[in-house]
>>> print(open('query.txt').read())   # compact mmCIF, C-alpha atoms and all ligand atoms
# COMPACT_ATOMS: atom_id res chain seq x y z
CA MET A 22 222.68 -44.13 40.82
CA LYS A 23 221.29 -40.91 39.41
CA GLU A 24 218.21 -40.75 37.20
CA LYS A 25 218.87 -39.88 33.56
CA VAL A 26 217.55 -37.20 31.24
CA VAL A 27 217.86 -37.06 27.46
CA LEU A 28 218.33 -33.49 26.24
CA ALA A 29 217.75 -32.17 22.70
CA TYR A 30 221.09 -30.39 22.28
CA SER A 31 222.10 -27.86 19.63
CA GLY A 32 225.50 -26.71 20.88
CA GLY A 33 224.26 -23.15 21.51
CA LEU A 34 224.38 -21.23 24.77
CA ASP A 35 220.79 -22.06 25.82
CA THR A 36 221.09 -25.82 25.57
CA SER A 37 224.64 -25.76 26.99
CA CYS A 38 223.28 -24.01 30.08
CA CYS A 39 220.50 -26.63 30.12
CA ILE A 40 223.09 -29.40 30.59
CA LYS A 41 224.54 -27.73 33.69
CA TRP A 42 221.14 -26.72 35.01
CA LEU A 43 219.78 -30.27 34.76
CA MET A 44 222.88 -31.57 36.56
CA GLU A 45 222.82 -28.99 39.32
CA GLU A 46 219.17 -28.17 39.87
CA LYS A 47 217.67 -31.60 39.15
CA ASP A 48 220.63 -33.84 40.05
CA LEU A 49 220.35 -35.79 36.80
CA ASP A 50 222.81 -37.50 34.47
CA VAL A 51 222.47 -35.79 31.11
CA ILE A 52 222.55 -37.54 27.72
CA CYS A 53 222.63 -35.19 24.74
CA VAL A 54 221.03 -36.01 21.40
CA ILE A 55 221.94 -33.81 18.45
CA GLY A 56 219.65 -34.20 15.47
CA ASP A 57 221.22 -33.85 12.05
CA VAL A 58 218.29 -32.66 9.95
CA GLY A 59 220.49 -30.96 7.37
CA GLN A 60 221.18 -27.72 9.20
CA GLU A 61 223.99 -25.41 8.11
CA LYS A 62 226.02 -26.00 11.28
CA LYS A 63 227.88 -29.01 9.97
CA ASP A 64 230.47 -30.01 12.58
CA LEU A 65 228.24 -32.09 14.80
CA ASN A 66 231.16 -34.03 16.26
CA TYR A 67 232.40 -30.79 17.69
CA VAL A 68 228.93 -30.19 19.14
CA CYS A 69 229.07 -33.65 20.77
CA GLU A 70 232.47 -32.90 22.29
CA LYS A 71 231.16 -29.63 23.65
CA ALA A 72 228.26 -31.45 25.34
CA LEU A 73 230.69 -33.82 27.04
CA LYS A 74 232.93 -30.93 28.06
CA VAL A 75 230.03 -29.16 29.75
CA GLY A 76 229.26 -32.33 31.68
CA ALA A 77 226.98 -34.65 29.72
CA ILE A 78 227.66 -38.35 30.38
CA ALA A 79 226.99 -39.17 26.72
CA ALA A 80 226.35 -37.29 23.48
CA GLU A 81 225.16 -38.63 20.14
CA ALA A 82 224.76 -36.90 16.80
CA ILE A 83 222.09 -38.78 14.90
CA ASP A 84 221.80 -38.46 11.14
CA MET A 85 218.06 -38.05 10.58
CA LYS A 86 218.24 -36.61 7.07
CA GLU A 87 217.05 -39.60 5.06
CA GLU A 88 214.26 -40.38 7.48
CA TYR A 89 213.30 -36.72 7.58
CA VAL A 90 212.92 -36.63 3.82
CA ASN A 91 211.25 -40.01 3.40
CA GLU A 92 208.85 -39.97 6.34
CA TYR A 93 208.26 -36.29 6.97
CA LEU A 94 208.91 -34.12 3.93
CA THR A 95 207.23 -36.63 1.60
CA LYS A 96 204.04 -36.31 3.63
CA ALA A 97 204.44 -32.54 3.85
CA LEU A 98 204.76 -32.30 0.08
CA ALA A 99 201.74 -34.55 -0.48
CA ALA A 100 199.90 -31.97 1.66
CA ASN A 101 201.48 -29.02 -0.23
CA CYS A 102 202.21 -27.96 3.32
CA MET A 103 201.87 -24.20 3.92
CA TYR A 104 200.80 -22.67 7.24
CA GLU A 105 198.54 -19.68 6.64
CA ASN A 106 199.19 -20.16 2.93
CA LYS A 107 202.70 -18.74 3.29
CA TYR A 108 205.02 -20.76 5.51
CA PRO A 109 206.17 -24.15 4.23
CA MET A 110 206.88 -25.16 7.84
CA VAL A 111 210.56 -25.49 8.50
CA SER A 112 210.62 -25.92 12.30
CA ALA A 113 207.23 -27.56 12.69
CA LEU A 114 208.33 -30.45 10.48
CA SER A 115 211.64 -31.15 12.20
CA ARG A 116 210.31 -31.22 15.78
CA PRO A 117 208.41 -34.52 15.57
CA ILE A 118 211.37 -36.45 14.12
CA ILE A 119 213.72 -35.05 16.75
CA ALA A 120 211.13 -35.92 19.43
CA LYS A 121 210.94 -39.47 18.10
CA HIS A 122 214.71 -39.90 18.45
CA LEU A 123 214.71 -38.37 21.93
CA VAL A 124 212.12 -40.92 23.01
CA ASP A 125 214.12 -43.68 21.39
CA ALA A 126 217.25 -42.54 23.28
CA CYS A 127 215.28 -42.48 26.56
CA HIS A 128 214.38 -46.12 25.97
CA ARG A 129 217.94 -47.08 25.06
CA TYR A 130 219.48 -45.36 28.06
CA GLY A 131 216.70 -46.11 30.51
CA ALA A 132 215.99 -42.41 31.08
CA LYS A 133 212.68 -41.34 32.50
CA TYR A 134 213.13 -37.64 31.76
CA VAL A 135 213.47 -35.81 28.49
CA ALA A 136 214.38 -32.13 28.11
CA HIS A 137 214.42 -29.40 25.47
CA GLY A 138 215.73 -25.83 25.39
CA CYS A 139 212.66 -24.08 23.99
CA THR A 140 211.40 -20.84 25.45
CA GLY A 141 208.02 -20.56 27.12
CA LYS A 142 206.37 -18.49 24.43
CA GLY A 143 206.94 -20.31 21.18
CA ASN A 144 205.39 -23.18 19.29
CA ASP A 145 208.37 -25.48 19.55
CA GLN A 146 207.88 -26.28 23.24
CA VAL A 147 204.35 -27.44 22.41
CA ARG A 148 205.52 -29.53 19.47
CA PHE A 149 208.28 -31.28 21.43
CA GLU A 150 206.16 -32.01 24.46
CA VAL A 151 203.04 -33.15 22.65
CA ALA A 152 205.08 -35.35 20.31
CA ILE A 153 207.14 -36.86 23.14
CA THR A 154 204.17 -37.69 25.31
CA SER A 155 202.19 -39.09 22.42
CA LEU A 156 205.06 -41.48 21.71
CA ASP A 157 205.55 -42.43 25.36
CA PRO A 158 203.04 -41.03 27.84
CA ASP A 159 205.18 -42.23 30.77
CA LEU A 160 208.11 -39.92 30.03
CA GLN A 161 208.39 -36.69 31.98
CA VAL A 162 209.37 -33.57 30.11
CA LEU A 163 211.61 -30.88 31.59
CA ALA A 164 211.88 -27.42 30.02
CA PRO A 165 214.76 -25.63 31.80
CA VAL A 166 214.63 -22.44 29.73
CA ARG A 167 210.97 -22.04 30.64
CA GLU A 168 211.74 -22.56 34.33
CA TRP A 169 214.88 -20.58 34.91
CA ASP A 170 214.71 -16.85 35.29
CA LEU A 171 217.69 -15.94 33.10
CA LEU A 172 215.63 -13.71 30.90
CA THR A 173 218.23 -11.61 29.14
CA ARG A 174 221.27 -12.71 27.21
CA PRO A 175 223.74 -10.93 29.56
CA GLN A 176 222.11 -12.63 32.60
CA GLU A 177 222.45 -15.97 30.89
CA MET A 178 226.10 -15.33 29.98
CA GLU A 179 226.84 -14.40 33.57
CA TRP A 180 225.20 -17.59 34.84
CA ALA A 181 227.10 -19.61 32.24
CA GLU A 182 230.42 -18.08 33.26
CA ALA A 183 229.77 -18.72 36.94
CA HIS A 184 228.87 -22.37 36.26
CA GLY A 185 231.71 -23.23 33.88
CA VAL A 186 229.67 -23.30 30.68
CA PRO A 187 231.69 -22.02 27.70
CA VAL A 188 230.47 -18.58 26.70
CA PRO A 189 230.61 -17.59 23.02
CA THR A 190 233.61 -15.34 22.44
CA THR A 191 232.36 -13.81 19.21
CA LYS A 192 229.33 -11.57 19.22
CA GLY A 193 227.23 -14.14 17.34
CA SER A 194 224.11 -13.59 15.32
CA PRO A 195 221.55 -11.09 16.63
CA TYR A 196 218.83 -13.41 15.32
CA SER A 197 217.31 -16.65 16.48
CA ILE A 198 217.74 -19.09 13.61
CA ASP A 199 216.37 -22.57 13.19
CA ASP A 200 217.21 -24.41 10.02
CA ASN A 201 217.12 -27.78 8.35
CA LEU A 202 216.95 -29.32 4.89
CA TRP A 203 213.62 -27.66 4.14
CA GLY A 204 214.83 -24.11 4.85
CA ARG A 205 215.62 -21.50 7.49
CA ALA A 206 213.51 -19.62 10.02
CA ILE A 207 214.89 -16.29 11.25
CA GLU A 208 213.42 -14.18 14.05
CA CYS A 209 214.28 -11.62 16.77
CA GLY A 210 216.51 -8.53 16.68
CA VAL A 211 215.33 -5.73 14.40
CA LEU A 212 212.80 -8.11 12.85
CA GLU A 213 210.64 -7.70 15.94
CA ASP A 214 209.41 -4.39 14.51
CA PRO A 215 207.17 -5.51 11.62
CA TRP A 216 207.76 -2.18 9.88
CA ASN A 217 211.51 -2.83 9.51
CA GLU A 218 212.57 -4.30 6.20
CA PRO A 219 214.55 -7.52 6.76
CA PRO A 220 218.28 -6.65 6.66
CA ALA A 221 220.40 -8.37 4.02
CA ASP A 222 222.38 -10.29 6.66
CA ILE A 223 219.49 -12.54 7.66
CA TYR A 224 219.76 -14.46 4.39
CA SER A 225 222.26 -17.17 3.55
CA LEU A 226 220.55 -19.33 0.90
CA THR A 227 219.22 -16.68 -1.45
CA VAL A 228 220.84 -13.86 -3.41
CA ASP A 229 219.29 -10.40 -3.19
CA PRO A 230 216.97 -10.26 -6.24
CA GLN A 231 218.59 -6.95 -7.27
CA GLN A 232 221.95 -8.71 -7.57
CA CYS A 233 220.66 -11.71 -9.52
CA PRO A 234 221.61 -12.64 -13.09
CA ASP A 235 219.96 -10.62 -15.84
CA GLU A 236 218.99 -13.76 -17.75
CA PRO A 237 216.21 -16.03 -16.51
CA GLU A 238 217.11 -19.60 -15.55
CA VAL A 239 214.90 -22.54 -16.41
CA ALA A 240 214.74 -25.74 -14.33
CA VAL A 241 212.65 -28.87 -14.84
CA ILE A 242 211.58 -30.85 -11.76
CA GLY A 243 210.44 -34.43 -12.31
CA PHE A 244 208.11 -36.26 -9.90
CA THR A 245 207.31 -39.94 -9.48
CA ALA A 246 204.09 -40.65 -7.59
CA GLY A 247 204.25 -37.23 -5.95
CA VAL A 248 207.91 -37.42 -4.91
CA PRO A 249 210.62 -35.33 -6.63
CA SER A 250 212.81 -37.69 -8.64
CA SER A 251 214.82 -35.59 -11.10
CA VAL A 252 216.10 -32.11 -11.86
CA ASN A 253 216.77 -31.08 -15.46
CA GLY A 254 216.36 -34.67 -16.58
CA GLU A 255 218.97 -36.02 -14.19
CA PRO A 256 217.46 -38.66 -11.89
CA MET A 257 218.13 -37.97 -8.23
CA SER A 258 216.73 -38.64 -4.78
CA PHE A 259 214.29 -36.25 -3.11
CA ILE A 260 217.05 -35.04 -0.80
CA ASP A 261 219.34 -34.22 -3.74
CA CYS A 262 216.45 -32.46 -5.51
CA ILE A 263 216.14 -30.23 -2.43
CA TRP A 264 219.87 -29.36 -2.41
CA LYS A 265 219.81 -28.76 -6.17
CA MET A 266 216.68 -26.60 -6.11
CA ASN A 267 218.03 -24.64 -3.13
CA GLU A 268 220.99 -23.78 -5.36
CA ILE A 269 219.04 -22.91 -8.51
CA ALA A 270 216.21 -20.99 -6.85
CA GLY A 271 218.62 -19.45 -4.33
CA ARG A 272 220.97 -17.96 -6.91
CA ASN A 273 217.93 -16.38 -8.58
CA GLY A 274 216.71 -14.78 -5.38
CA TYR A 275 213.57 -16.89 -5.02
CA GLY A 276 212.23 -18.20 -1.72
CA ARG A 277 212.13 -15.33 0.79
CA VAL A 278 209.07 -15.09 3.00
CA ASP A 279 208.35 -12.23 5.40
CA MET A 280 205.09 -12.64 7.29
CA ILE A 281 203.02 -11.96 10.36
CA GLU A 282 202.24 -15.36 11.79
CA ASN A 283 199.68 -16.57 14.34
CA ARG A 284 201.40 -18.79 16.90
CA LEU A 285 199.48 -21.52 18.68
CA VAL A 286 200.19 -19.84 22.02
CA GLY A 287 198.13 -16.85 20.91
CA VAL A 288 200.89 -14.42 19.95
CA LYS A 289 201.25 -12.77 16.57
CA SER A 290 204.87 -12.75 15.54
CA ARG A 291 206.90 -11.40 12.64
CA GLU A 292 208.71 -14.26 10.98
CA CYS A 293 211.16 -14.43 8.12
CA TYR A 294 211.90 -17.60 6.21
CA GLU A 295 214.28 -18.59 3.50
CA VAL A 296 212.90 -21.56 1.62
CA PRO A 297 214.07 -21.53 -2.02
CA GLY A 298 214.03 -25.26 -2.74
CA ALA A 299 210.94 -26.00 -0.68
CA LEU A 300 208.85 -23.29 -2.33
CA ALA A 301 210.00 -24.20 -5.84
CA ILE A 302 209.24 -27.88 -5.24
CA ILE A 303 205.80 -27.16 -3.74
CA THR A 304 204.98 -24.82 -6.65
CA ALA A 305 205.92 -27.48 -9.19
CA HIS A 306 204.13 -30.23 -7.25
CA ARG A 307 200.88 -28.25 -7.09
CA GLU A 308 201.10 -27.61 -10.79
CA LEU A 309 201.52 -31.29 -11.59
CA GLU A 310 198.54 -32.09 -9.38
CA ASP A 311 196.47 -29.63 -11.42
CA LEU A 312 197.30 -31.69 -14.48
CA CYS A 313 196.88 -35.17 -13.02
CA LEU A 314 194.10 -35.03 -10.42
CA SER A 315 190.39 -34.87 -11.10
CA ARG A 316 188.47 -31.67 -10.55
CA ASP A 317 186.65 -33.00 -7.49
CA VAL A 318 189.84 -34.17 -5.79
CA LEU A 319 191.53 -30.85 -6.59
CA HIS A 320 188.67 -28.84 -5.18
CA TYR A 321 188.45 -30.94 -2.02
CA LYS A 322 192.15 -31.38 -1.26
CA PRO A 323 192.97 -27.80 -0.17
CA GLN A 324 190.65 -28.24 2.83
CA ILE A 325 192.62 -31.33 3.83
CA GLU A 326 195.89 -29.48 3.20
CA GLN A 327 194.93 -26.57 5.41
CA GLU A 328 193.83 -28.82 8.23
CA TRP A 329 197.02 -30.87 7.85
CA ALA A 330 199.18 -27.74 8.09
CA ARG A 331 197.25 -26.48 11.11
CA LEU A 332 197.58 -29.80 12.95
CA VAL A 333 201.29 -30.15 12.25
CA TYR A 334 202.02 -26.49 13.04
CA ASN A 335 200.20 -27.04 16.32
CA GLY A 336 202.32 -30.03 17.27
CA LEU A 337 199.90 -32.82 16.43
CA TRP A 338 202.13 -34.78 14.04
CA PHE A 339 201.56 -38.00 15.97
CA SER A 340 197.78 -37.90 16.09
CA PRO A 341 194.92 -39.91 14.65
CA LEU A 342 193.47 -37.12 12.49
CA LYS A 343 196.84 -36.27 11.00
CA ASN A 344 197.35 -39.97 10.17
CA ALA A 345 193.96 -40.15 8.50
CA LEU A 346 194.67 -37.05 6.43
CA ASP A 347 198.01 -38.57 5.38
CA ALA A 348 196.11 -41.57 4.04
CA PHE A 349 193.87 -39.27 2.00
CA ASN A 350 196.84 -37.37 0.57
CA ALA A 351 198.78 -40.57 -0.17
CA SER A 352 195.86 -41.97 -2.14
CA THR A 353 195.97 -38.92 -4.42
CA GLN A 354 199.71 -39.09 -5.11
CA THR A 355 199.93 -42.28 -7.19
CA MET A 356 198.90 -40.27 -10.28
CA VAL A 357 201.31 -37.39 -9.71
CA THR A 358 204.10 -38.37 -12.08
CA GLY A 359 205.60 -36.08 -14.70
CA GLU A 360 207.63 -32.93 -15.14
CA VAL A 361 207.17 -29.24 -14.47
CA ARG A 362 209.27 -26.49 -16.02
CA LEU A 363 209.98 -23.46 -13.88
CA LYS A 364 211.49 -20.16 -14.88
CA PHE A 365 213.38 -18.18 -12.25
CA TYR A 366 214.10 -14.52 -12.69
CA LYS A 367 215.25 -12.00 -10.06
CA GLY A 368 213.18 -13.32 -7.18
CA SER A 369 210.30 -14.79 -9.12
CA CYS A 370 209.43 -18.34 -10.07
CA THR A 371 206.90 -18.95 -12.82
CA VAL A 372 205.56 -22.25 -14.10
CA VAL A 373 206.07 -22.30 -17.87
CA GLY A 374 205.36 -25.94 -18.75
CA ARG A 375 204.00 -29.21 -17.41
CA LYS A 376 203.58 -32.76 -18.77
CA SER A 377 202.62 -36.17 -17.46
CA PRO A 378 201.87 -39.69 -18.66
CA ASN A 379 198.83 -39.43 -16.36
CA SER A 380 197.71 -36.08 -17.68
CA LEU A 381 193.95 -35.56 -17.64
CA TYR A 382 194.37 -32.69 -20.10
CA ASP A 383 192.78 -33.92 -23.33
CA PHE A 384 193.88 -31.86 -26.31
CA GLY A 385 190.85 -32.96 -28.36
CA LEU A 386 188.46 -31.81 -25.66
CA ALA A 387 190.29 -28.53 -25.06
CA THR A 388 191.20 -27.32 -28.53
CA TYR A 389 189.41 -24.58 -30.42
CA ASP A 390 191.23 -25.67 -33.57
CA SER A 391 190.75 -28.69 -35.79
CA GLY A 392 190.75 -32.03 -34.04
CA ASP A 393 188.00 -30.98 -31.64
CA THR A 394 186.30 -34.00 -30.05
CA PHE A 395 184.07 -32.11 -27.61
CA ASP A 396 180.38 -32.83 -28.20
CA ARG A 397 178.87 -29.35 -28.49
CA ASP A 398 175.39 -30.80 -29.01
CA SER A 399 175.30 -32.12 -25.48
CA ALA A 400 176.16 -28.66 -24.13
CA LYS A 401 172.64 -27.30 -24.64
CA GLY A 402 170.93 -30.03 -22.60
CA PHE A 403 173.61 -29.73 -19.93
CA ILE A 404 173.04 -25.99 -19.60
CA ASP A 405 169.26 -26.48 -19.44
CA LEU A 406 169.54 -28.82 -16.47
CA HIS A 407 172.41 -27.00 -14.79
CA GLY A 408 170.39 -23.76 -14.84
CA LEU A 409 167.07 -25.39 -13.94
CA PRO A 410 167.09 -24.56 -10.20
CA THR A 411 167.91 -20.89 -10.68
CA ARG A 412 165.46 -20.60 -13.60
CA THR A 413 162.73 -22.09 -11.42
CA TRP A 414 163.58 -19.63 -8.66
CA ALA A 415 163.62 -16.65 -11.05
CA LYS A 416 160.26 -17.64 -12.50
CA GLN A 417 158.72 -17.85 -9.04
CA ARG A 418 160.05 -14.41 -8.14
CA LYS A 419 158.84 -12.93 -11.41
CA ASP A 420 155.34 -14.48 -11.08
CA ALA A 421 155.14 -13.04 -7.58
CA GLY A 422 155.93 -9.62 -9.03
CA ALA A 423 159.21 -9.51 -7.21
CA GLU A 424 161.66 -9.22 -10.08
CA GLY A 425 164.60 -7.02 -9.46
CA VAL A 426 165.02 -8.11 -5.85
CA ILE A 427 168.64 -8.98 -6.51
N1 LIG B 501 207.63 -19.58 13.82
C1 LIG B 501 208.16 -20.75 13.26
C2 LIG B 501 207.42 -21.95 13.76
O1 LIG B 501 206.79 -21.86 14.77
C3 LIG B 501 209.64 -20.85 13.41
C4 LIG B 501 210.17 -21.11 14.78
C5 LIG B 501 211.63 -20.94 14.76
N2 LIG B 501 212.29 -21.35 15.93
C6 LIG B 501 213.42 -20.79 16.37
N3 LIG B 501 213.95 -21.30 17.41
N4 LIG B 501 213.96 -19.76 15.78
O2 LIG B 501 207.44 -22.99 13.15
>>> encode(input="query.txt", output="structure tokens")
Amino acid sequence: MKEKVVLAYSGGLDTSCCIKWLMEEKDLDVICVIGDVGQEKKDLNYVCEKALKVGAIAAEAIDMKEEYVNEYLTKALAANCMYENKYPMVSALSRPIIAKHLVDACHRYGAKYVAHGCTGKGNDQVRFEVAITSLDPDLQVLAPVREWDLLTRPQEMEWAEAHGVPVPTTKGSPYSIDDNLWGRAIECGVLEDPWNEPPADIYSLTVDPQQCPDEPEVAVIGFTAGVPSSVNGEPMSFIDCIWKMNEIAGRNGYGRVDMIENRLVGVKSRECYEVPGALAIITAHRELEDLCLSRDVLHYKPQIEQEWARLVYNGLWFSPLKNALDAFNASTQTMVTGEVRLKFYKGSCTVVGRKSPNSLYDFGLATYDSGDTFDRDSAKGFIDLHGLPTRTWAKQRKDAGAEGVI
């Protein structure tokens, strides 16, 4: 009996060639796992059939959407997840959940190999392999695309044709796209020159801001303990909030990101993202935190958030530090309940209102009008002590005849 390999399959040319390559070069039985993480390509049964047609002995499409939202995006939102303060991490968040299901399939099928179709110069290979081996260090990972020498698309098509792998008949997209519930990542083609403006055809979730409605659109996102729970007063699950906010923000042209990004493997790359719902939800969530969390927590948390994003971007989802940071973030979220009002207008999203039963905003303390409860008398003593160290320092400098040194 042959050994088995579980392959992360997408239905595209790369992973289809992987099936044949694993059969022919490694003499393995191939089991394909297709992760449904809410990507646009909807007909996953067709993708399963294609896997079997190419030669897989089994193919499963696994619906990971609920788990993705509840176990992954909830933690990402608690961390206001943004790599390099710009990228809300589309691909980096989906890799660990897919890896988890690959490992699970290996156990179910008794496979000792697991394979992915990532190239040898991206982050995704790192994420898959680190996640897989941290879940089961005994599994062996195979990365056919990294090993074979079919560098160009025409070479790959030729190999596919010669080995009976269906070759796409239509020209297909000139871009490499990875997408899921949280948004889309688009790279390659003309985007590889960072001076080129992204062409209109890379976008599918957002309207060109110049074509957007002339009237602004307002939307209210509600949160319960840090998790989105309503849109415009209508209670809904986090996943439905994402779909809804993708629609609202998308039709107002909000959520396009064009950036130069530092990959873990040391390469700078030009990346475009389309993340209307994710960015709107993170913007609203941050705003509600500003209202509900104490100053010290708010000032400390961004350090945790940055480290969290760096770890997850770098493939360390299943790691002790990431778990510890999750615990910190979770402990801050119990207070984050309330609503945030956003106004969308031709590509922009502005917070125009926020309220919470846990609000730490005290009108009496803040107001300059009647009803003021702030004790001004205590301000003088506070200032005296707050300024004591610098006053002491200034006096010493002055006595030493050194005034004016700064
Ligand atoms: N640069 C992004 C990341 O590392 C997106 C990767 C997109 N992957 C792809 N196959 N197009 O998270």
>>> atom_distance(input="query.txt", atom1="atom CA of A:Arg418", atom2="atom CA of A:Lys401")
24.4 Å
>>> closest_atom_pairs(input="query.txt", of="chain A", to="ligand LIG 501 (chain B)", cutoff="9 Å", atoms="only C-alpha atoms and all ligand atoms", output="JSON lines")
{"residue": "A:Tyr104", "atom": "CA", "partner": "B:LIG501", "partner_atom": "O2", "distance": 8.9}
{"residue": "A:Tyr108", "atom": "CA", "partner": "B:LIG501", "partner_atom": "O2", "distance": 8.3}
{"residue": "A:Met110", "atom": "CA", "partner": "B:LIG501", "partner_atom": "O2", "distance": 5.8}
{"residue": "A:Val111", "atom": "CA", "partner": "B:LIG501", "partner_atom": "O2", "distance": 6.1}
{"residue": "A:Ser112", "atom": "CA", "partner": "B:LIG501", "partner_atom": "O2", "distance": 4.4}
{"residue": "A:Ala113", "atom": "CA", "partner": "B:LIG501", "partner_atom": "O2", "distance": 4.6}
{"residue": "A:Leu114", "atom": "CA", "partner": "B:LIG501", "partner_atom": "O2", "distance": 8.0}
{"residue": "A:Cys139", "atom": "CA", "partner": "B:LIG501", "partner_atom": "N3", "distance": 7.3}
{"residue": "A:Thr140", "atom": "CA", "partner": "B:LIG501", "partner_atom": "N3", "distance": 8.4}
{"residue": "A:Gly143", "atom": "CA", "partner": "B:LIG501", "partner_atom": "O1", "distance": 6.6}
{"residue": "A:Asn144", "atom": "CA", "partner": "B:LIG501", "partner_atom": "O1", "distance": 4.9}
{"residue": "A:Asp145", "atom": "CA", "partner": "B:LIG501", "partner_atom": "O1", "distance": 6.2}
{"residue": "A:Tyr196", "atom": "CA", "partner": "B:LIG501", "partner_atom": "N4", "distance": 8.0}
{"residue": "A:Ser197", "atom": "CA", "partner": "B:LIG501", "partner_atom": "N4", "distance": 4.6}
{"residue": "A:Ile198", "atom": "CA", "partner": "B:LIG501", "partner_atom": "N4", "distance": 4.4}
{"residue": "A:Asp199", "atom": "CA", "partner": "B:LIG501", "partner_atom": "N4", "distance": 4.5}
{"residue": "A:Asp200", "atom": "CA", "partner": "B:LIG501", "partner_atom": "N4", "distance": 8.1}
{"residue": "A:Arg205", "atom": "CA", "partner": "B:LIG501", "partner_atom": "C5", "distance": 8.3}
{"residue": "A:Ala206", "atom": "CA", "partner": "B:LIG501", "partner_atom": "C5", "distance": 5.3}
{"residue": "A:Ile207", "atom": "CA", "partner": "B:LIG501", "partner_atom": "N4", "distance": 5.8}
{"residue": "A:Glu208", "atom": "CA", "partner": "B:LIG501", "partner_atom": "N4", "distance": 5.9}
{"residue": "A:Cys209", "atom": "CA", "partner": "B:LIG501", "partner_atom": "N4", "distance": 8.2}
{"residue": "A:Glu282", "atom": "CA", "partner": "B:LIG501", "partner_atom": "N1", "distance": 7.1}
{"residue": "A:Asn283", "atom": "CA", "partner": "B:LIG501", "partner_atom": "N1", "distance": 8.5}
{"residue": "A:Arg284", "atom": "CA", "partner": "B:LIG501", "partner_atom": "O1", "distance": 6.6}
{"residue": "A:Leu285", "atom": "CA", "partner": "B:LIG501", "partner_atom": "O1", "distance": 8.3}
{"residue": "A:Ser290", "atom": "CA", "partner": "B:LIG501", "partner_atom": "N1", "distance": 7.6}
{"residue": "A:Arg291", "atom": "CA", "partner": "B:LIG501", "partner_atom": "N1", "distance": 8.3}
{"residue": "A:Glu292", "atom": "CA", "partner": "B:LIG501", "partner_atom": "N1", "distance": 6.1}
{"residue": "A:Cys293", "atom": "CA", "partner": "B:LIG501", "partner_atom": "N1", "distance": 8.5}
{"residue": "A:Tyr294", "atom": "CA", "partner": "B:LIG501", "partner_atom": "C3", "distance": 8.2}
{"residue": "A:Tyr334", "atom": "CA", "partner": "B:LIG501", "partner_atom": "O2", "distance": 6.5}
{"residue": "A:Asn335", "atom": "CA", "partner": "B:LIG501", "partner_atom": "O1", "distance": 8.5}
>>> closest_residue(input="query.txt", among="A:Val318, A:Ile52, A:Thr413, A:Asp279", to="A:Ala126", atoms="all atoms listed in the file")
A:Ile52
>>> closest_residue(input="query.txt", among="A:Val239, A:Ala345, A:Met85, A:Leu337", to="A:Leu156", atoms="all atoms listed in the file")
A:Leu337
>>> residues_around(input="query.txt", residues="A:Gly76", least_positions_apart="4", cutoff="8 Å", atoms="only C-alpha atoms", output="list of chain:residue names")
A:Ile40, A:Lys41, A:Val51, A:Ala72
>>> closest_residue(input="query.txt", among="A:Gln161, A:Gln232, A:Ser315, A:Ser399", to="A:Val27", atoms="all atoms listed in the file")
A:Gln161
>>> residues_near_point(input="query.txt", point="(196.1, -39.4, -8.2)", cutoff="8 Å", atoms="all atoms listed in the file", output="PDB file with C-alpha atoms, in the coordinates of the input")
ATOM      1  CA  GLU A 310     198.540 -32.090  -9.380  1.00  0.00           C
ATOM      2  CA  CYS A 313     196.880 -35.170 -13.020  1.00  0.00           C
ATOM      3  CA  LEU A 314     194.100 -35.030 -10.420  1.00  0.00           C
ATOM      4  CA  SER A 315     190.390 -34.870 -11.100  1.00  0.00           C
ATOM      5  CA  SER A 352     195.860 -41.970  -2.140  1.00  0.00           C
ATOM      6  CA  THR A 353     195.970 -38.920  -4.420  1.00  0.00           C
ATOM      7  CA  GLN A 354     199.710 -39.090  -5.110  1.00  0.00           C
ATOM      8  CA  THR A 355     199.930 -42.280  -7.190  1.00  0.00           C
ATOM      9  CA  MET A 356     198.900 -40.270 -10.280  1.00  0.00           C
ATOM     10  CA  VAL A 357     201.310 -37.390  -9.710  1.00  0.00           C
TER      11      VAL A 357
END
>>> atom_distance(input="query.txt", atom1="atom CA of A:Ser369", atom2="atom CA of A:Pro256")
25.1 Å
>>> residues_around(input="query.txt", residues="A:Leu319", least_positions_apart="3", cutoff="12 Å", atoms="all atoms listed in the file", output="mmCIF file with C-alpha atoms, in the coordinates of the input")
data_model
loop_
_atom_site.group_PDB
_atom_site.id
_atom_site.type_symbol
_atom_site.label_atom_id
_atom_site.label_comp_id
_atom_site.auth_asym_id
_atom_site.auth_seq_id
_atom_site.Cartn_x
_atom_site.Cartn_y
_atom_site.Cartn_z
ATOM 1 C CA ALA A 100 199.900 -31.970 1.660
ATOM 2 C CA ASN A 101 201.480 -29.020 -0.230
ATOM 3 C CA ARG A 307 200.880 -28.250 -7.090
ATOM 4 C CA GLU A 308 201.100 -27.610 -10.790
ATOM 5 C CA LEU A 309 201.520 -31.290 -11.590
ATOM 6 C CA GLU A 310 198.540 -32.090 -9.380
ATOM 7 C CA ASP A 311 196.470 -29.630 -11.420
ATOM 8 C CA LEU A 312 197.300 -31.690 -14.480
ATOM 9 C CA CYS A 313 196.880 -35.170 -13.020
ATOM 10 C CA LEU A 314 194.100 -35.030 -10.420
ATOM 11 C CA SER A 315 190.390 -34.870 -11.100
ATOM 12 C CA ARG A 316 188.470 -31.670 -10.550
ATOM 13 C CA LYS A 322 192.150 -31.380 -1.260
ATOM 14 C CA PRO A 323 192.970 -27.800 -0.170
ATOM 15 C CA GLN A 324 190.650 -28.240 2.830
ATOM 16 C CA ILE A 325 192.620 -31.330 3.830
ATOM 17 C CA GLU A 326 195.890 -29.480 3.200
ATOM 18 C CA ASN A 350 196.840 -37.370 0.570
ATOM 19 C CA THR A 353 195.970 -38.920 -4.420
ATOM 20 C CA GLN A 354 199.710 -39.090 -5.110
#
